[in-house]
Amino acid sequence: MDRRWDQPEGRIPAPIALTVLGAGLGLALIARDWTGLILWPAFFLGWRAGGVGAGDAKVWMGLAAAGGIGPSAAGLAALVALARLRA
């Protein structure tokens, strides 16, 4: 069985989540656009509330950092919709 992806539990492994988070931060640094970080607390609170896993939150944080505020707002809306489907 391929253990790079946790199929039974549907979790995003830490190496993948941390890679996406690091790449997103790197792109934000290069572009000097930190607006995507504004929504990080929402992703963090989504994890703390139990709506998403820690790996999911880290991936969304990385995508938000890389994309800026526009795509981040769309990502947050998708995150909320997915969390409601899981509940």
# chains A, B, ... in the order shown; residues from 1 in each chain; ligands from 1
call {"tool": "residues_around", "arguments": {"residues": "Phe43 of chain A", "least_positions_apart": "2", "cutoff": "12 Å", "atoms": "only C-alpha atoms", "output": "ChimeraX atom specification"}}
result
/A:36-41,45-65,72-73,75-80,83
call {"tool": "residues_around", "arguments": {"residues": "Gly68 of chain A", "least_positions_apart": "5", "cutoff": "7 Å", "atoms": "only C-alpha atoms", "output": "list in words"}}
result
Asp33, Trp34, Thr35 and Gly36 of chain A
call {"tool": "select_by_dssp", "arguments": {"residues": "chain A", "states": "helix (DSSP H, G or I)", "output": "ChimeraX atom specification"}}
result
/A:14-31,35-48,54-67,69-86
call {"tool": "closest_residue", "arguments": {"among": "A:Ala23, A:Ile12, A:Leu18, A:Ala28", "to": "Gly67 of chain A", "atoms": "only C-alpha atoms"}}
result
A:Ala28
call {"tool": "atom_distance", "arguments": {"atom1": "atom CA of Ala31 of chain A", "atom2": "atom CA of Leu82 of chain A"}}
result
29.4 Å
call {"tool": "atom_distance", "arguments": {"atom1": "atom CA of Arg32 of chain A", "atom2": "atom CA of Phe44 of chain A"}}
result
22.5 Å
call {"tool": "atom_distance", "arguments": {"atom1": "atom CA of Leu27 of chain A", "atom2": "atom CA of Ala66 of chain A"}}
result
5.4 Å
call {"tool": "decode", "arguments": {"residues": "segment 39-57 of chain A", "atoms": "N, CA, C and O atoms", "output": "mmCIF file, in the first residue's frame"}}
result
data_model
loop_
_atom_site.group_PDB
_atom_site.id
_atom_site.type_symbol
_atom_site.label_atom_id
_atom_site.label_comp_id
_atom_site.auth_asym_id
_atom_site.auth_seq_id
_atom_site.Cartn_x
_atom_site.Cartn_y
_atom_site.Cartn_z
ATOM 1 N N LEU A 39 -6.210 35.864 5.888
ATOM 2 C CA LEU A 39 -7.209 34.837 6.192
ATOM 3 C C LEU A 39 -6.642 33.641 6.949
ATOM 4 O O LEU A 39 -7.375 32.713 7.268
ATOM 5 N N TRP A 40 -5.355 33.644 7.272
ATOM 6 C CA TRP A 40 -4.780 32.515 8.003
ATOM 7 C C TRP A 40 -5.502 32.222 9.309
ATOM 8 O O TRP A 40 -5.712 31.069 9.643
ATOM 9 N N PRO A 41 -5.885 33.245 10.090
ATOM 10 C CA PRO A 41 -6.603 32.923 11.332
ATOM 11 C C PRO A 41 -7.892 32.154 11.089
ATOM 12 O O PRO A 41 -8.265 31.286 11.890
ATOM 13 N N ALA A 42 -8.577 32.432 9.988
ATOM 14 C CA ALA A 42 -9.813 31.698 9.688
ATOM 15 C C ALA A 42 -9.517 30.228 9.418
ATOM 16 O O ALA A 42 -10.252 29.344 9.881
ATOM 17 N N PHE A 43 -8.449 29.940 8.705
ATOM 18 C CA PHE A 43 -8.082 28.548 8.446
ATOM 19 C C PHE A 43 -7.659 27.858 9.739
ATOM 20 O O PHE A 43 -8.008 26.700 9.978
ATOM 21 N N PHE A 44 -6.925 28.580 10.575
ATOM 22 C CA PHE A 44 -6.499 28.029 11.857
ATOM 23 C C PHE A 44 -7.708 27.726 12.738
ATOM 24 O O PHE A 44 -7.798 26.650 13.343
ATOM 25 N N LEU A 45 -8.645 28.656 12.792
ATOM 26 C CA LEU A 45 -9.842 28.439 13.608
ATOM 27 C C LEU A 45 -10.708 27.309 13.048
ATOM 28 O O LEU A 45 -11.358 26.590 13.812
ATOM 29 N N GLY A 46 -10.719 27.155 11.732
ATOM 30 C CA GLY A 46 -11.431 26.026 11.129
ATOM 31 C C GLY A 46 -10.864 24.699 11.592
ATOM 32 O O GLY A 46 -11.600 23.742 11.847
ATOM 33 N N TRP A 47 -9.552 24.636 11.721
ATOM 34 C CA TRP A 47 -8.906 23.420 12.232
ATOM 35 C C TRP A 47 -9.232 23.237 13.709
ATOM 36 O O TRP A 47 -9.597 22.152 14.141
ATOM 37 N N ARG A 48 -9.098 24.302 14.504
ATOM 38 C CA ARG A 48 -9.339 24.197 15.944
ATOM 39 C C ARG A 48 -10.784 23.827 16.250
ATOM 40 O O ARG A 48 -11.058 23.153 17.225
ATOM 41 N N ALA A 49 -11.713 24.266 15.419
ATOM 42 C CA ALA A 49 -13.125 23.951 15.630
ATOM 43 C C ALA A 49 -13.461 22.528 15.203
ATOM 44 O O ALA A 49 -14.546 22.042 15.472
ATOM 45 N N GLY A 50 -12.536 21.878 14.513
ATOM 46 C CA GLY A 50 -12.767 20.502 14.081
ATOM 47 C C GLY A 50 -13.398 20.370 12.712
ATOM 48 O O GLY A 50 -13.768 19.280 12.301
ATOM 49 N N GLY A 51 -13.518 21.485 11.990
ATOM 50 C CA GLY A 51 -14.128 21.433 10.664
ATOM 51 C C GLY A 51 -13.216 20.842 9.606
ATOM 52 O O GLY A 51 -13.687 20.255 8.638
ATOM 53 N N VAL A 52 -11.907 20.998 9.786
ATOM 54 C CA VAL A 52 -10.925 20.466 8.835
ATOM 55 C C VAL A 52 -9.754 19.913 9.625
ATOM 56 O O VAL A 52 -9.558 20.244 10.787
ATOM 57 N N GLY A 53 -8.962 19.101 8.972
ATOM 58 C CA GLY A 53 -7.770 18.554 9.596
ATOM 59 C C GLY A 53 -6.623 19.556 9.549
ATOM 60 O O GLY A 53 -6.665 20.551 8.824
ATOM 61 N N ALA A 54 -5.588 19.277 10.318
ATOM 62 C CA ALA A 54 -4.424 20.165 10.355
ATOM 63 C C ALA A 54 -3.740 20.237 8.996
ATOM 64 O O ALA A 54 -3.296 21.305 8.576
ATOM 65 N N GLY A 55 -3.649 19.106 8.302
ATOM 66 C CA GLY A 55 -3.042 19.106 6.972
ATOM 67 C C GLY A 55 -3.839 19.940 5.988
ATOM 68 O O GLY A 55 -3.273 20.680 5.182
ATOM 69 N N ASP A 56 -5.164 19.838 6.065
ATOM 70 C CA ASP A 56 -6.022 20.658 5.203
ATOM 71 C C ASP A 56 -5.773 22.138 5.454
ATOM 72 O O ASP A 56 -5.651 22.928 4.515
ATOM 73 N N ALA A 57 -5.714 22.516 6.728
ATOM 74 C CA ALA A 57 -5.496 23.929 7.074
ATOM 75 C C ALA A 57 -4.148 24.413 6.553
ATOM 76 O O ALA A 57 -4.053 25.520 6.014
#
